[in-house]
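Peer 1: If you scroll down you'll find the structure; I have some questions about it.
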Amino acid sequence: MSNIRDIMRLSPVMPVIVLEHVEDAVPLAHAIVSGGIRVLEVTLRTPVALDCVRAIRREVPEAVVGVGTITNTADFDAARAAGAAFGVSPGTTDALLRHAATQTMPLLPGCMTPSDVMRIAEAGFHAAKLFPAKQAGGLDMLKALAGPFPNIMFCPTGGIDAATAPMYIALPNVACVGGSWLAPADLVASRDWDAIRQRAVAAASLK
């Protein structure tokens with residue numbers, strides 16, 4: 001699947017996942033996918049992140065696994081080599097946009113300001129991650145961006161939880177939201193896969 005907007009539409013929530021141990025990757029992915037969420041963002045915040053992506057790709061083929069916290073072209077290439085279906089960046093640089101535009105792996109570039117959105121749109125991208133969403137203005141910011149940027153779909157991430165997610169998803173320029181509440185560090189550390197699956201079930205029902 002080469003279109004990032006198609007990927008964003010697969011699930012109302014894109015879990016932001018931090019994995020410290022490779023052996024947790026597959027059971028975590030199974031828990032989330034069995035709960036009805038197909039799209040996963042494994043962040044490059046730990047040394048084992050790319051190994052986790054490889055394991056999920058190998059063992060959970062129904063998952064659409066991407067790599068987050070891509071901050072440069074080397075990160076992008078490493079994610080692609082690991083088999084990621086897409087990449088996500090917390091911000092935007094011209095170098096990263098130029099590089100991603102020449103590749104088959106889609107990128108969801110990060111933005112926080114209207115100038116960021118203009119740069120993304122100028123580079124030919126039609127979707128963006130608003131990050132950190134709460135600090136960037138949240139719902140009011142997304143409503144304000146809808147006027148000048150009617151062709152950009154957003155995945156707001158940062159400060160969103162199960163209680164506030166429905167308000168974001170209801171906005172016409174929001175395709176999905178990102179969040180860490182599906183797989184918080186304490187549940188991953190305790191390997192409470194059933195609790196994570198239940199959170200995924202609830203997230204999958206959001207509209």
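Following the order of the structure tokens, first chain is A, next is B, and so on, with residues numbered from 1 inside each chain and ligands from 1 in the order they appear.
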Mind listing the strand (DSSP E or B) residues of region 5-197 of chain A, per DSSP on the backbone, as a PyMOL selection string?
Peer 2: chain A and resi 13-17+39-43+64-68+87-88+107-108+110-111+127-130+153-154+157+174+177-179
Peer 1: Could you write out the selected residues, including C-alpha atoms, as a short mmCIF file (atom, residue, chain, number, x, y, z; two decimals), in the first residue's frame?
Peer 2:
data_model
loop_
_atom_site.label_atom_id
_atom_site.label_comp_id
_atom_site.auth_asym_id
_atom_site.auth_seq_id
_atom_site.Cartn_x
_atom_site.Cartn_y
_atom_site.Cartn_z
CA VAL A 13 -6.20 5.18 15.89
CA MET A 14 -2.54 4.67 15.05
CA PRO A 15 -0.86 3.30 18.18
CA VAL A 16 2.48 4.91 18.98
CA ILE A 17 4.60 2.04 20.27
CA VAL A 39 -1.87 0.05 11.69
CA LEU A 40 1.07 0.24 14.11
CA GLU A 41 3.77 2.87 14.50
CA VAL A 42 6.93 1.50 16.10
CA THR A 43 9.06 4.44 17.18
CA VAL A 64 0.54 -2.61 8.61
CA VAL A 65 3.65 -1.64 10.54
CA GLY A 66 5.39 1.69 10.13
CA VAL A 67 8.33 3.40 11.76
CA GLY A 68 8.04 6.63 13.70
CA GLY A 87 7.35 6.20 7.90
CA VAL A 88 6.30 8.96 10.30
CA LEU A 107 5.98 9.21 4.62
CA LEU A 108 3.61 10.94 7.00
CA GLY A 110 5.20 16.05 10.90
CA CYS A 111 4.01 19.63 11.21
CA ALA A 127 -1.26 14.28 4.60
CA ALA A 128 0.56 15.34 7.73
CA LYS A 129 1.00 14.47 11.38
CA LEU A 130 0.13 17.40 13.65
CA MET A 153 -5.60 15.27 5.95
CA PHE A 154 -4.12 15.11 9.41
CA THR A 157 -0.63 12.97 17.78
CA VAL A 174 -8.66 14.20 10.50
CA VAL A 177 -5.26 10.01 15.54
CA GLY A 178 -2.00 8.79 16.99
CA GLY A 179 -1.64 7.85 20.61
#
Peer 1: Name the residues in contact with Ala81 (chain A) at a cut-off of 12 Å, using only C-alpha atoms, excluding same-chain residues fewer than 5 positions from it; report them as a count of residues only.
Peer 2: 15
Peer 1: Would you work out the distance separating CA of Leu142 (chain A) from CA of Pro12 (chain A), expressed in Å to one decimal?
Peer 2: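 Interatomic distance here is 16.5 Å.
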Peer 1: Quick one: residues within 10 Å of Thr93 (chain A), only C-alpha atoms counted, chain neighbours fewer than 3 positions away excluded, as an MDAnalysis selection string?
Peer 2: chainID A and resid 71:73 89 96:98 109:111 116 119:120
Peer 1: Please write the residues from the selection above to a file, keeping N, CA, C and O atoms, as an mmCIF file, in the first residue's frame.
Peer 2:
data_model
loop_
_atom_site.group_PDB
_atom_site.id
_atom_site.type_symbol
_atom_site.label_atom_id
_atom_site.label_comp_id
_atom_site.auth_asym_id
_atom_site.auth_seq_id
_atom_site.Cartn_x
_atom_site.Cartn_y
_atom_site.Cartn_z
ATOM 1 N N THR A 71 13.760 11.216 11.694
ATOM 2 C CA THR A 71 14.184 12.619 11.721
ATOM 3 C C THR A 71 15.156 12.993 10.609
ATOM 4 O O THR A 71 15.508 14.163 10.477
ATOM 5 N N ASN A 72 15.585 11.998 9.814
ATOM 6 C CA ASN A 72 16.523 12.293 8.738
ATOM 7 C C ASN A 72 16.425 11.213 7.666
ATOM 8 O O ASN A 72 15.712 10.211 7.830
ATOM 9 N N THR A 73 17.159 11.388 6.595
ATOM 10 C CA THR A 73 17.069 10.436 5.484
ATOM 11 C C THR A 73 17.643 9.078 5.843
ATOM 12 O O THR A 73 17.176 8.054 5.341
ATOM 13 N N SER A 89 7.343 11.123 10.644
ATOM 14 C CA SER A 89 8.339 12.023 11.218
ATOM 15 C C SER A 89 7.675 12.998 12.187
ATOM 16 O O SER A 89 6.532 13.390 11.980
ATOM 17 N N LEU A 96 14.422 15.735 4.030
ATOM 18 C CA LEU A 96 13.627 14.528 4.235
ATOM 19 C C LEU A 96 12.467 14.469 3.252
ATOM 20 O O LEU A 96 12.182 13.408 2.671
ATOM 21 N N LEU A 97 11.804 15.587 3.021
ATOM 22 C CA LEU A 97 10.692 15.611 2.070
ATOM 23 C C LEU A 97 11.165 15.279 0.658
ATOM 24 O O LEU A 97 10.513 14.505 -0.055
ATOM 25 N N ARG A 98 12.269 15.871 0.239
ATOM 26 C CA ARG A 98 12.790 15.588 -1.098
ATOM 27 C C ARG A 98 13.127 14.114 -1.251
ATOM 28 O O ARG A 98 12.827 13.494 -2.278
ATOM 29 N N PRO A 109 4.657 13.147 7.083
ATOM 30 C CA PRO A 109 5.551 14.160 7.651
ATOM 31 C C PRO A 109 4.893 14.925 8.786
ATOM 32 O O PRO A 109 3.686 15.180 8.760
ATOM 33 N N GLY A 110 5.708 15.322 9.752
ATOM 34 C CA GLY A 110 5.197 16.047 10.898
ATOM 35 C C GLY A 110 5.131 17.540 10.658
ATOM 36 O O GLY A 110 5.934 18.111 9.920
ATOM 37 N N CYS A 111 4.146 18.176 11.293
ATOM 38 C CA CYS A 111 4.011 19.629 11.207
ATOM 39 C C CYS A 111 3.489 20.162 12.535
ATOM 40 O O CYS A 111 2.908 19.425 13.331
ATOM 41 N N ASP A 116 4.797 24.951 8.220
ATOM 42 C CA ASP A 116 5.152 23.540 8.031
ATOM 43 C C ASP A 116 4.210 22.893 7.013
ATOM 44 O O ASP A 116 4.647 22.141 6.134
ATOM 45 N N ARG A 119 5.036 23.922 3.507
ATOM 46 C CA ARG A 119 6.229 23.232 3.011
ATOM 47 C C ARG A 119 5.894 21.809 2.588
ATOM 48 O O ARG A 119 6.351 21.326 1.549
ATOM 49 N N ILE A 120 5.082 21.135 3.393
ATOM 50 C CA ILE A 120 4.683 19.764 3.079
ATOM 51 C C ILE A 120 3.862 19.727 1.793
ATOM 52 O O ILE A 120 4.094 18.891 0.910
#
Peer 1: Grab the CA of Pro90 (chain A) to CA of Thr69 (chain A) distance for me, in Å with one decimal place.
Peer 2: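 Between these atoms lies a distance of 5.8 Å.
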Peer 1: My list of candidates is A:Pro150, A:Thr164, A:Met8, A:Leu19. Which is closest to Ala185 (chain A) when distances are computed with only C-alpha atoms?
Peer 2: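 Selected residue with least distance to Ala185 (chain A): A:Leu19.
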Peer 1: Could you pull the residues within 8 Å of Val48 (chain A), counting only C-alpha atoms, minus those fewer than 5 positions along the same chain, as an MDAnalysis selection string?
Peer 2: chainID A and resid 19:22
Peer 1: Write a file of the just-selected residues containing N, CA and C atoms, as a tab-separated table (two decimals), in the first residue's frame.
Peer 2:
chain	number	residue	atom	x	y	z
A	19	LEU	N	9.11	-0.05	22.14
A	19	LEU	CA	9.46	-1.42	22.53
A	19	LEU	C	10.90	-1.49	23.01
A	20	GLU	N	11.07	-2.04	24.20
A	20	GLU	CA	12.40	-2.21	24.78
A	20	GLU	C	12.98	-3.58	24.51
A	21	HIS	N	12.11	-4.57	24.18
A	21	HIS	CA	12.55	-5.94	24.01
A	21	HIS	C	11.92	-6.53	22.74
A	22	VAL	N	12.74	-7.15	21.92
A	22	VAL	CA	12.25	-7.73	20.67
A	22	VAL	C	11.19	-8.78	20.91
Peer 1: Which is closer to Ala162 (chain A) than all the others in A:Ala144, A:Ala204, A:Ala121, A:Ile7, using only C-alpha atoms?
Peer 2: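 Smallest distance to Ala162 (chain A) is found for A:Ala204.
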Peer 1: Could you give me, as an MDAnalysis selection string, each residue of region 17-95 of chain A that DSSP assigns to alpha helix (DSSP H) when run on this structure's backbone?
Peer 2: chainID A and resid 25:34 49:59 73:81 94:95
Peer 1: Would you export the selected residues with C-alpha atoms as an mmCIF file, in the first residue's frame, please?
Peer 2:
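Full text of again_1.cif as output:
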data_model
loop_
_atom_site.group_PDB
_atom_site.id
_atom_site.type_symbol
_atom_site.label_atom_id
_atom_site.label_comp_id
_atom_site.auth_asym_id
_atom_site.auth_seq_id
_atom_site.Cartn_x
_atom_site.Cartn_y
_atom_site.Cartn_z
ATOM 1 C CA ALA A 25 6.993 -7.135 19.514
ATOM 2 C CA VAL A 26 4.994 -10.041 18.117
ATOM 3 C CA PRO A 27 2.630 -10.630 21.071
ATOM 4 C CA LEU A 28 1.984 -6.889 21.284
ATOM 5 C CA ALA A 29 1.222 -6.685 17.581
ATOM 6 C CA HIS A 30 -1.065 -9.729 17.823
ATOM 7 C CA ALA A 31 -2.938 -8.115 20.719
ATOM 8 C CA ILE A 32 -3.498 -4.844 18.859
ATOM 9 C CA VAL A 33 -4.427 -6.444 15.534
ATOM 10 C CA SER A 34 -6.778 -8.955 17.160
ATOM 11 C CA ALA A 49 12.998 -0.802 17.194
ATOM 12 C CA LEU A 50 13.936 -1.963 13.705
ATOM 13 C CA ASP A 51 14.392 -5.556 14.865
ATOM 14 C CA CYS A 52 10.875 -5.317 16.285
ATOM 15 C CA VAL A 53 9.578 -4.119 12.932
ATOM 16 C CA ARG A 54 11.225 -7.065 11.200
ATOM 17 C CA ALA A 55 9.696 -9.506 13.688
ATOM 18 C CA ILE A 56 6.209 -8.059 13.282
ATOM 19 C CA ARG A 57 6.504 -8.096 9.503
ATOM 20 C CA ARG A 58 7.542 -11.741 9.626
ATOM 21 C CA GLU A 59 5.076 -13.034 12.210
ATOM 22 C CA THR A 73 17.069 10.436 5.484
ATOM 23 C CA ALA A 74 19.206 7.756 7.135
ATOM 24 C CA ASP A 75 16.314 6.894 9.476
ATOM 25 C CA PHE A 76 13.987 6.749 6.478
ATOM 26 C CA ASP A 77 16.263 4.355 4.593
ATOM 27 C CA ALA A 78 16.764 2.154 7.663
ATOM 28 C CA ALA A 79 13.010 1.903 8.158
ATOM 29 C CA ARG A 80 12.475 0.993 4.531
ATOM 30 C CA ALA A 81 15.224 -1.642 4.689
ATOM 31 C CA ASP A 94 13.280 19.891 3.101
ATOM 32 C CA ALA A 95 15.924 17.182 2.772
#
Peer 1: Considering only C-alpha atoms, return as a short mmCIF file (atom, residue, chain, number, x, y, z; two decimals) with all heavy atoms, in the first residue's frame whatever protein or nucleic-acid residues lie within 10 Å of Ala195 (chain A), sequence-local ones (same chain, fewer than 3 positions apart) excluded.
Peer 2:
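For reference, out-v6.cif as written:
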data_model
loop_
_atom_site.label_atom_id
_atom_site.label_comp_id
_atom_site.auth_asym_id
_atom_site.auth_seq_id
_atom_site.Cartn_x
_atom_site.Cartn_y
_atom_site.Cartn_z
N ALA A 31 -1.90 -8.64 19.84
CA ALA A 31 -2.94 -8.11 20.72
C ALA A 31 -3.66 -6.94 20.07
O ALA A 31 -4.89 -6.86 20.11
CB ALA A 31 -2.31 -7.69 22.05
N ILE A 32 -2.90 -6.03 19.47
CA ILE A 32 -3.50 -4.84 18.86
C ILE A 32 -4.30 -5.21 17.62
O ILE A 32 -5.44 -4.76 17.43
CB ILE A 32 -2.41 -3.81 18.54
CG1 ILE A 32 -1.80 -3.26 19.84
CG2 ILE A 32 -2.98 -2.67 17.69
CD1 ILE A 32 -0.61 -2.35 19.64
N LEU A 182 -2.92 3.05 23.85
CA LEU A 182 -3.24 1.65 23.57
C LEU A 182 -2.19 0.70 24.13
O LEU A 182 -2.52 -0.39 24.59
CB LEU A 182 -3.37 1.41 22.05
CG LEU A 182 -4.76 1.60 21.46
CD1 LEU A 182 -5.12 3.06 21.42
CD2 LEU A 182 -4.82 0.97 20.08
N ALA A 183 -0.93 1.13 24.08
CA ALA A 183 0.17 0.27 24.55
C ALA A 183 1.09 1.07 25.46
O ALA A 183 2.25 1.32 25.12
CB ALA A 183 0.92 -0.31 23.36
N LEU A 187 1.81 -1.41 30.75
CA LEU A 187 1.17 -2.63 30.26
C LEU A 187 2.12 -3.45 29.40
O LEU A 187 2.09 -4.69 29.42
CB LEU A 187 -0.09 -2.29 29.47
CG LEU A 187 -1.26 -1.72 30.26
CD1 LEU A 187 -2.47 -1.52 29.35
CD2 LEU A 187 -1.62 -2.61 31.45
N VAL A 188 2.97 -2.79 28.63
CA VAL A 188 3.97 -3.52 27.85
C VAL A 188 4.97 -4.19 28.78
O VAL A 188 5.33 -5.36 28.58
CB VAL A 188 4.68 -2.58 26.85
CG1 VAL A 188 5.79 -3.33 26.12
CG2 VAL A 188 3.69 -2.01 25.85
N ARG A 191 3.53 -7.11 30.28
CA ARG A 191 3.08 -8.02 29.22
C ARG A 191 1.61 -8.40 29.38
O ARG A 191 1.22 -9.55 29.21
CB ARG A 191 3.98 -9.25 29.16
CG ARG A 191 5.40 -8.87 28.75
CD ARG A 191 6.39 -10.00 28.77
NE ARG A 191 7.69 -9.52 28.28
CZ ARG A 191 8.83 -10.19 28.40
NH1 ARG A 191 8.84 -11.37 29.01
NH2 ARG A 191 9.95 -9.68 27.93
N ASP A 192 0.82 -7.39 29.68
CA ASP A 192 -0.62 -7.59 29.83
C ASP A 192 -1.26 -7.42 28.46
O ASP A 192 -1.90 -6.41 28.16
CB ASP A 192 -1.18 -6.58 30.83
CG ASP A 192 -2.59 -6.94 31.27
OD1 ASP A 192 -3.25 -7.72 30.56
OD2 ASP A 192 -3.04 -6.42 32.31
N GLN A 198 -7.95 -5.21 24.72
CA GLN A 198 -9.21 -4.56 25.07
C GLN A 198 -9.17 -3.07 24.72
O GLN A 198 -10.18 -2.50 24.27
CB GLN A 198 -9.49 -4.75 26.56
CG GLN A 198 -9.82 -6.20 26.93
CD GLN A 198 -10.01 -6.38 28.44
OE1 GLN A 198 -10.48 -5.49 29.13
NE2 GLN A 198 -9.63 -7.53 28.94
N ARG A 199 -8.03 -2.45 24.91
CA ARG A 199 -7.91 -1.04 24.53
C ARG A 199 -8.01 -0.88 23.02
O ARG A 199 -8.58 0.10 22.52
CB ARG A 199 -6.58 -0.46 25.04
CG ARG A 199 -6.54 -0.32 26.55
CD ARG A 199 -5.26 0.30 27.03
NE ARG A 199 -5.27 0.45 28.48
CZ ARG A 199 -4.80 1.49 29.15
NH1 ARG A 199 -4.23 2.50 28.49
NH2 ARG A 199 -4.85 1.55 30.46
N ALA A 200 -7.45 -1.85 22.28
CA ALA A 200 -7.55 -1.80 20.83
C ALA A 200 -8.99 -1.98 20.36
O ALA A 200 -9.43 -1.31 19.41
CB ALA A 200 -6.65 -2.87 20.20
N VAL A 201 -9.72 -2.86 21.02
CA VAL A 201 -11.14 -3.06 20.68
C VAL A 201 -11.90 -1.75 20.83
O VAL A 201 -12.69 -1.35 19.96
CB VAL A 201 -11.76 -4.16 21.56
CG1 VAL A 201 -13.27 -4.18 21.40
CG2 VAL A 201 -11.18 -5.53 21.21
#
Peer 1: Kindly provide the residues of region 48-156 of chain A that approach region 166-170 of chain A to within 12 Å, each paired with its closest atom pair and their distance in Å to one decimal, based on only C-alpha atoms, listed by chain and increasing number, as JSON lines.
Peer 2:
{"residue": "A:Leu130", "atom": "CA", "partner": "A:Tyr168", "partner_atom": "CA", "distance": 11.4}
{"residue": "A:Ala133", "atom": "CA", "partner": "A:Tyr168", "partner_atom": "CA", "distance": 10.1}
{"residue": "A:Lys134", "atom": "CA", "partner": "A:Tyr168", "partner_atom": "CA", "distance": 10.8}
{"residue": "A:Gly137", "atom": "CA", "partner": "A:Tyr168", "partner_atom": "CA", "distance": 11.9}
{"residue": "A:Gly138", "atom": "CA", "partner": "A:Tyr168", "partner_atom": "CA", "distance": 8.2}
{"residue": "A:Leu139", "atom": "CA", "partner": "A:Tyr168", "partner_atom": "CA", "distance": 6.4}
{"residue": "A:Asp140", "atom": "CA", "partner": "A:Tyr168", "partner_atom": "CA", "distance": 10.0}
{"residue": "A:Met141", "atom": "CA", "partner": "A:Tyr168", "partner_atom": "CA", "distance": 10.9}
{"residue": "A:Leu142", "atom": "CA", "partner": "A:Tyr168", "partner_atom": "CA", "distance": 8.6}
{"residue": "A:Lys143", "atom": "CA", "partner": "A:Tyr168", "partner_atom": "CA", "distance": 9.9}
{"residue": "A:Met153", "atom": "CA", "partner": "A:Ile169", "partner_atom": "CA", "distance": 11.2}
{"residue": "A:Phe154", "atom": "CA", "partner": "A:Ile169", "partner_atom": "CA", "distance": 9.8}
{"residue": "A:Cys155", "atom": "CA", "partner": "A:Ile169", "partner_atom": "CA", "distance": 9.0}
{"residue": "A:Pro156", "atom": "CA", "partner": "A:Tyr168", "partner_atom": "CA", "distance": 7.7}
Peer 1: So how many Å separate CA of Asp24 (chain A) and CA of Pro61 (chain A), to one decimal?
Peer 2: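 Straight-line distance from CA of Asp24 (chain A) to CA of Pro61 (chain A) works out to 16.2 Å.
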Peer 1: Name the residues in contact with region 145-148 of chain A at a cut-off of 8 Å, using only C-alpha atoms, excluding same-chain residues fewer than 4 positions from it; report them as JSON, numbers by chain.
Peer 2: {"A": [114, 141, 152, 173]}
Peer 1: Limited to all heavy atoms, could you put the picked residues into a file as a PDB file, in the first residue's frame?
Peer 2:
ATOM      1  N   PRO A 114       1.329  26.508  10.320  1.00  0.00           N
ATOM      2  CA  PRO A 114       0.897  26.655   8.932  1.00  0.00           C
ATOM      3  C   PRO A 114       2.072  26.654   7.952  1.00  0.00           C
ATOM      4  O   PRO A 114       1.950  26.131   6.836  1.00  0.00           O
ATOM      5  CB  PRO A 114       0.163  27.992   8.929  1.00  0.00           C
ATOM      6  CG  PRO A 114      -0.359  28.123  10.324  1.00  0.00           C
ATOM      7  CD  PRO A 114       0.709  27.532  11.187  1.00  0.00           C
ATOM      8  N   MET A 141      -6.705  24.304  16.482  1.00  0.00           N
ATOM      9  CA  MET A 141      -5.713  24.431  15.415  1.00  0.00           C
ATOM     10  C   MET A 141      -6.153  23.680  14.165  1.00  0.00           C
ATOM     11  O   MET A 141      -6.062  24.200  13.040  1.00  0.00           O
ATOM     12  CB  MET A 141      -4.354  23.925  15.887  1.00  0.00           C
ATOM     13  CG  MET A 141      -3.299  23.858  14.788  1.00  0.00           C
ATOM     14  SD  MET A 141      -2.916  25.491  14.077  1.00  0.00           S
ATOM     15  CE  MET A 141      -1.387  25.850  14.938  1.00  0.00           C
ATOM     16  N   ILE A 152      -5.419  18.822   2.779  1.00  0.00           N
ATOM     17  CA  ILE A 152      -4.503  18.116   3.666  1.00  0.00           C
ATOM     18  C   ILE A 152      -5.290  17.370   4.738  1.00  0.00           C
ATOM     19  O   ILE A 152      -6.136  17.959   5.426  1.00  0.00           O
ATOM     20  CB  ILE A 152      -3.520  19.096   4.348  1.00  0.00           C
ATOM     21  CG1 ILE A 152      -2.739  19.887   3.302  1.00  0.00           C
ATOM     22  CG2 ILE A 152      -2.569  18.338   5.278  1.00  0.00           C
ATOM     23  CD1 ILE A 152      -1.798  19.060   2.454  1.00  0.00           C
ATOM     24  N   ASN A 173     -11.106  17.006   8.581  1.00  0.00           N
ATOM     25  CA  ASN A 173      -9.734  16.940   8.065  1.00  0.00           C
ATOM     26  C   ASN A 173      -8.826  16.041   8.893  1.00  0.00           C
ATOM     27  O   ASN A 173      -7.608  16.091   8.761  1.00  0.00           O
ATOM     28  CB  ASN A 173      -9.127  18.340   7.948  1.00  0.00           C
ATOM     29  CG  ASN A 173      -9.034  19.069   9.284  1.00  0.00           C
ATOM     30  OD1 ASN A 173      -9.726  18.725  10.240  1.00  0.00           O
ATOM     31  ND2 ASN A 173      -8.192  20.092   9.346  1.00  0.00           N
TER      32      ASN A 173
END
